[in-house]
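I have placed the structure first, in the form of structure tokens, so that the comments after it can refer back to it.
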Amino acid sequence: MNALAVDWIAEQHFACESASGEKFTAVARIGRPAQMPAEGELASYGRVLVSLEPFVSERWVGGDDKFQALCLAIHFVRLTLKGFAADGGRVYFHDTIYPIDLDAPSFVPYEGH
């Protein structure tokens with residue numbers, strides 16, 4: 001999608017297991033946010049490139065400013081993983097056998113693990 005080299009500022013690997021038992025690694029990446037200038041009647045806005053392979057390829061997420069774009073990119077990763085879990089998949093904390101609490105702000109294992 002993006003012909004230019006992306007300046008990824010954050011990357012996280014998630015150990016996943018599908019409902020059928022297939023194990024794989026999902027990789028979330030978030031790019032450096034950019035402030036886009038106003039064009040025509042549009043006000044300026046922030047945008048950031050995000051991906052969560054193999055679920056979602058690179059796509060732009062936009063917000064009112066760069067901060068909101070970053071927040072929405074992380075929210076997008078969380079919602080995508082929650083959708084996978086709702087279909088019976090499991091997401092584990094990196095290098096452990098402990099499932100991630102997908103509602104925790106920092107994607108930590110469930111309490112007690």
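We name chains A, B, ... following the order of the structure tokens; residues begin at 1 in each chain, and ligands are numbered from 1 as shown.
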
Enumerate, as a PyMOL selection string, the complete set of residues in chain A that a backbone-based DSSP assignment places in alpha helix (DSSP H).
chain A and resi 66-86

Grab the residues selected above and save them as a CSV table (one decimal), in the first residue's frame with N, CA and C atoms.
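In the end it all went to result.csv:
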chain,number,residue,atom,x,y,z
A,66,LYS,N,-2.2,14.5,15.9
A,66,LYS,CA,-1.3,13.4,15.9
A,66,LYS,C,-1.6,12.5,17.1
A,67,PHE,N,-1.8,13.1,18.3
A,67,PHE,CA,-2.1,12.4,19.5
A,67,PHE,C,-3.3,11.5,19.3
A,68,GLN,N,-4.4,12.1,18.9
A,68,GLN,CA,-5.6,11.3,18.7
A,68,GLN,C,-5.4,10.2,17.7
A,69,ALA,N,-4.7,10.4,16.6
A,69,ALA,CA,-4.4,9.4,15.6
A,69,ALA,C,-3.7,8.2,16.2
A,70,LEU,N,-2.7,8.5,17.1
A,70,LEU,CA,-2.0,7.4,17.8
A,70,LEU,C,-2.9,6.6,18.7
A,71,CYS,N,-3.8,7.3,19.5
A,71,CYS,CA,-4.7,6.7,20.3
A,71,CYS,C,-5.6,5.8,19.5
A,72,LEU,N,-6.1,6.3,18.4
A,72,LEU,CA,-7.0,5.5,17.5
A,72,LEU,C,-6.3,4.3,16.9
A,73,ALA,N,-5.0,4.4,16.6
A,73,ALA,CA,-4.3,3.3,16.0
A,73,ALA,C,-4.2,2.2,17.0
A,74,ILE,N,-3.9,2.5,18.3
A,74,ILE,CA,-3.8,1.5,19.4
A,74,ILE,C,-5.2,0.9,19.6
A,75,HIS,N,-6.2,1.7,19.6
A,75,HIS,CA,-7.6,1.2,19.7
A,75,HIS,C,-7.9,0.2,18.6
A,76,PHE,N,-7.5,0.5,17.4
A,76,PHE,CA,-7.7,-0.3,16.2
A,76,PHE,C,-7.1,-1.7,16.4
A,77,VAL,N,-5.8,-1.7,16.9
A,77,VAL,CA,-5.2,-3.0,17.2
A,77,VAL,C,-6.0,-3.8,18.2
A,78,ARG,N,-6.4,-3.1,19.3
A,78,ARG,CA,-7.2,-3.8,20.4
A,78,ARG,C,-8.5,-4.4,19.8
A,79,LEU,N,-9.2,-3.6,19.0
A,79,LEU,CA,-10.5,-4.1,18.5
A,79,LEU,C,-10.3,-5.2,17.5
A,80,THR,N,-9.2,-5.2,16.8
A,80,THR,CA,-9.0,-6.3,15.9
A,80,THR,C,-8.7,-7.6,16.6
A,81,LEU,N,-7.8,-7.5,17.7
A,81,LEU,CA,-7.5,-8.7,18.5
A,81,LEU,C,-8.8,-9.2,19.3
A,82,LYS,N,-9.6,-8.2,19.7
A,82,LYS,CA,-10.8,-8.6,20.4
A,82,LYS,C,-11.8,-9.4,19.4
A,83,GLY,N,-11.8,-8.9,18.2
A,83,GLY,CA,-12.7,-9.6,17.2
A,83,GLY,C,-12.2,-11.0,17.0
A,84,PHE,N,-10.9,-11.2,16.9
A,84,PHE,CA,-10.3,-12.5,16.8
A,84,PHE,C,-10.6,-13.4,18.0
A,85,ALA,N,-10.5,-12.8,19.2
A,85,ALA,CA,-10.8,-13.6,20.4
A,85,ALA,C,-12.3,-13.9,20.5
A,86,ALA,N,-13.2,-13.0,20.0
A,86,ALA,CA,-14.6,-13.3,20.0
A,86,ALA,C,-15.0,-14.5,19.1

Please identify the strand (DSSP E) residues within segment 32-107 of chain A (assignment by DSSP from backbone atoms) and present them as a list in words.
Ala34, Gln35, Met36, Tyr45, Gly46, Arg47, Val48, Leu49, Val50, Ser51, Leu52, Glu53, Val56, Ser57, Glu58, Arg59, Trp60, Val61, Gly62, Gly63, Arg90, Val91 and Tyr92 of chain A

Output file for the residues above (N, CA and C atoms, as a PDB file, in the first residue's frame):
ATOM      1  N   ALA A  34       1.742  11.930  11.543  1.00  0.00           N
ATOM      2  CA  ALA A  34       1.989  13.122  10.735  1.00  0.00           C
ATOM      3  C   ALA A  34       0.794  14.061  10.852  1.00  0.00           C
ATOM      4  N   GLN A  35       1.076  15.337  10.815  1.00  0.00           N
ATOM      5  CA  GLN A  35       0.002  16.336  10.788  1.00  0.00           C
ATOM      6  C   GLN A  35      -0.204  16.705   9.326  1.00  0.00           C
ATOM      7  N   MET A  36      -1.395  16.517   8.852  1.00  0.00           N
ATOM      8  CA  MET A  36      -1.699  16.800   7.457  1.00  0.00           C
ATOM      9  C   MET A  36      -2.264  18.220   7.356  1.00  0.00           C
ATOM     10  N   TYR A  45      -5.448  17.635  10.138  1.00  0.00           N
ATOM     11  CA  TYR A  45      -5.720  16.467  10.970  1.00  0.00           C
ATOM     12  C   TYR A  45      -4.451  15.645  11.095  1.00  0.00           C
ATOM     13  N   GLY A  46      -4.439  14.751  12.071  1.00  0.00           N
ATOM     14  CA  GLY A  46      -3.311  13.848  12.254  1.00  0.00           C
ATOM     15  C   GLY A  46      -3.633  12.505  11.640  1.00  0.00           C
ATOM     16  N   ARG A  47      -2.621  11.821  11.180  1.00  0.00           N
ATOM     17  CA  ARG A  47      -2.822  10.460  10.686  1.00  0.00           C
ATOM     18  C   ARG A  47      -1.593   9.623  10.981  1.00  0.00           C
ATOM     19  N   VAL A  48      -1.826   8.306  11.040  1.00  0.00           N
ATOM     20  CA  VAL A  48      -0.750   7.378  11.346  1.00  0.00           C
ATOM     21  C   VAL A  48      -1.020   6.077  10.589  1.00  0.00           C
ATOM     22  N   LEU A  49       0.037   5.446  10.128  1.00  0.00           N
ATOM     23  CA  LEU A  49      -0.084   4.161   9.455  1.00  0.00           C
ATOM     24  C   LEU A  49      -0.034   3.058  10.507  1.00  0.00           C
ATOM     25  N   VAL A  50      -0.939   2.075  10.394  1.00  0.00           N
ATOM     26  CA  VAL A  50      -1.001   0.978  11.357  1.00  0.00           C
ATOM     27  C   VAL A  50      -1.206  -0.324  10.588  1.00  0.00           C
ATOM     28  N   SER A  51      -0.675  -1.421  11.117  1.00  0.00           N
ATOM     29  CA  SER A  51      -0.933  -2.747  10.544  1.00  0.00           C
ATOM     30  C   SER A  51      -0.960  -3.770  11.675  1.00  0.00           C
ATOM     31  N   LEU A  52      -1.683  -4.844  11.429  1.00  0.00           N
ATOM     32  CA  LEU A  52      -1.707  -5.979  12.354  1.00  0.00           C
ATOM     33  C   LEU A  52      -1.760  -7.233  11.491  1.00  0.00           C
ATOM     34  N   GLU A  53      -0.584  -7.630  11.015  1.00  0.00           N
ATOM     35  CA  GLU A  53      -0.474  -8.796  10.144  1.00  0.00           C
ATOM     36  C   GLU A  53      -0.565 -10.065  10.971  1.00  0.00           C
ATOM     37  N   VAL A  56      -4.699  -7.545   9.290  1.00  0.00           N
ATOM     38  CA  VAL A  56      -4.952  -6.313   8.537  1.00  0.00           C
ATOM     39  C   VAL A  56      -3.633  -5.777   7.999  1.00  0.00           C
ATOM     40  N   SER A  57      -3.613  -5.470   6.698  1.00  0.00           N
ATOM     41  CA  SER A  57      -2.432  -4.850   6.101  1.00  0.00           C
ATOM     42  C   SER A  57      -2.358  -3.387   6.527  1.00  0.00           C
ATOM     43  N   GLU A  58      -1.338  -2.714   6.033  1.00  0.00           N
ATOM     44  CA  GLU A  58      -1.164  -1.297   6.349  1.00  0.00           C
ATOM     45  C   GLU A  58      -2.400  -0.495   5.962  1.00  0.00           C
ATOM     46  N   ARG A  59      -2.808   0.388   6.880  1.00  0.00           N
ATOM     47  CA  ARG A  59      -3.903   1.315   6.585  1.00  0.00           C
ATOM     48  C   ARG A  59      -3.716   2.576   7.411  1.00  0.00           C
ATOM     49  N   TRP A  60      -4.266   3.663   6.899  1.00  0.00           N
ATOM     50  CA  TRP A  60      -4.189   4.940   7.594  1.00  0.00           C
ATOM     51  C   TRP A  60      -5.307   5.055   8.612  1.00  0.00           C
ATOM     52  N   VAL A  61      -4.968   5.593   9.778  1.00  0.00           N
ATOM     53  CA  VAL A  61      -5.941   5.943  10.802  1.00  0.00           C
ATOM     54  C   VAL A  61      -5.766   7.438  11.046  1.00  0.00           C
ATOM     55  N   GLY A  62      -6.869   8.165  11.034  1.00  0.00           N
ATOM     56  CA  GLY A  62      -6.788   9.613  11.205  1.00  0.00           C
ATOM     57  C   GLY A  62      -7.549  10.089  12.413  1.00  0.00           C
ATOM     58  N   GLY A  63      -7.155  11.247  12.915  1.00  0.00           N
ATOM     59  CA  GLY A  63      -7.818  11.874  14.047  1.00  0.00           C
ATOM     60  C   GLY A  63      -7.713  13.380  13.940  1.00  0.00           C
ATOM     61  N   ARG A  90      -7.265 -17.094  20.658  1.00  0.00           N
ATOM     62  CA  ARG A  90      -6.606 -16.693  21.907  1.00  0.00           C
ATOM     63  C   ARG A  90      -5.366 -15.890  21.569  1.00  0.00           C
ATOM     64  N   VAL A  91      -5.087 -14.912  22.411  1.00  0.00           N
ATOM     65  CA  VAL A  91      -3.910 -14.059  22.246  1.00  0.00           C
ATOM     66  C   VAL A  91      -3.122 -14.135  23.549  1.00  0.00           C
ATOM     67  N   TYR A  92      -1.829 -14.455  23.435  1.00  0.00           N
ATOM     68  CA  TYR A  92      -0.986 -14.668  24.610  1.00  0.00           C
ATOM     69  C   TYR A  92       0.039 -13.557  24.758  1.00  0.00           C
TER      70      TYR A  92
END

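Between atom CA of Thr25 of chain A and atom CA of Phe107 of chain A lies a distance of 15.3 Å.
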
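Using only C-alpha atoms, the smallest distance between any of A:Asp95, A:Arg32, A:Gly89, A:Ala104 and Gln12 of chain A comes from A:Asp95.
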
Nearest residue to Pro37 of chain A out of A:Ile97, A:Asp65, A:Ser20, A:Val6, using only C-alpha atoms?
A:Asp65

Would you mind listing what lies within 7 Å of Glu11 of chain A as a ChimeraX atom specification, with only C-alpha atoms counted and same-chain residues fewer than 2 positions away left out?
/A:13,27-30

Which residue of A:Glu22, A:Gly88, A:Phe14, A:Asp64 approaches Pro109 of chain A most closely, using only C-alpha atoms
A:Phe14
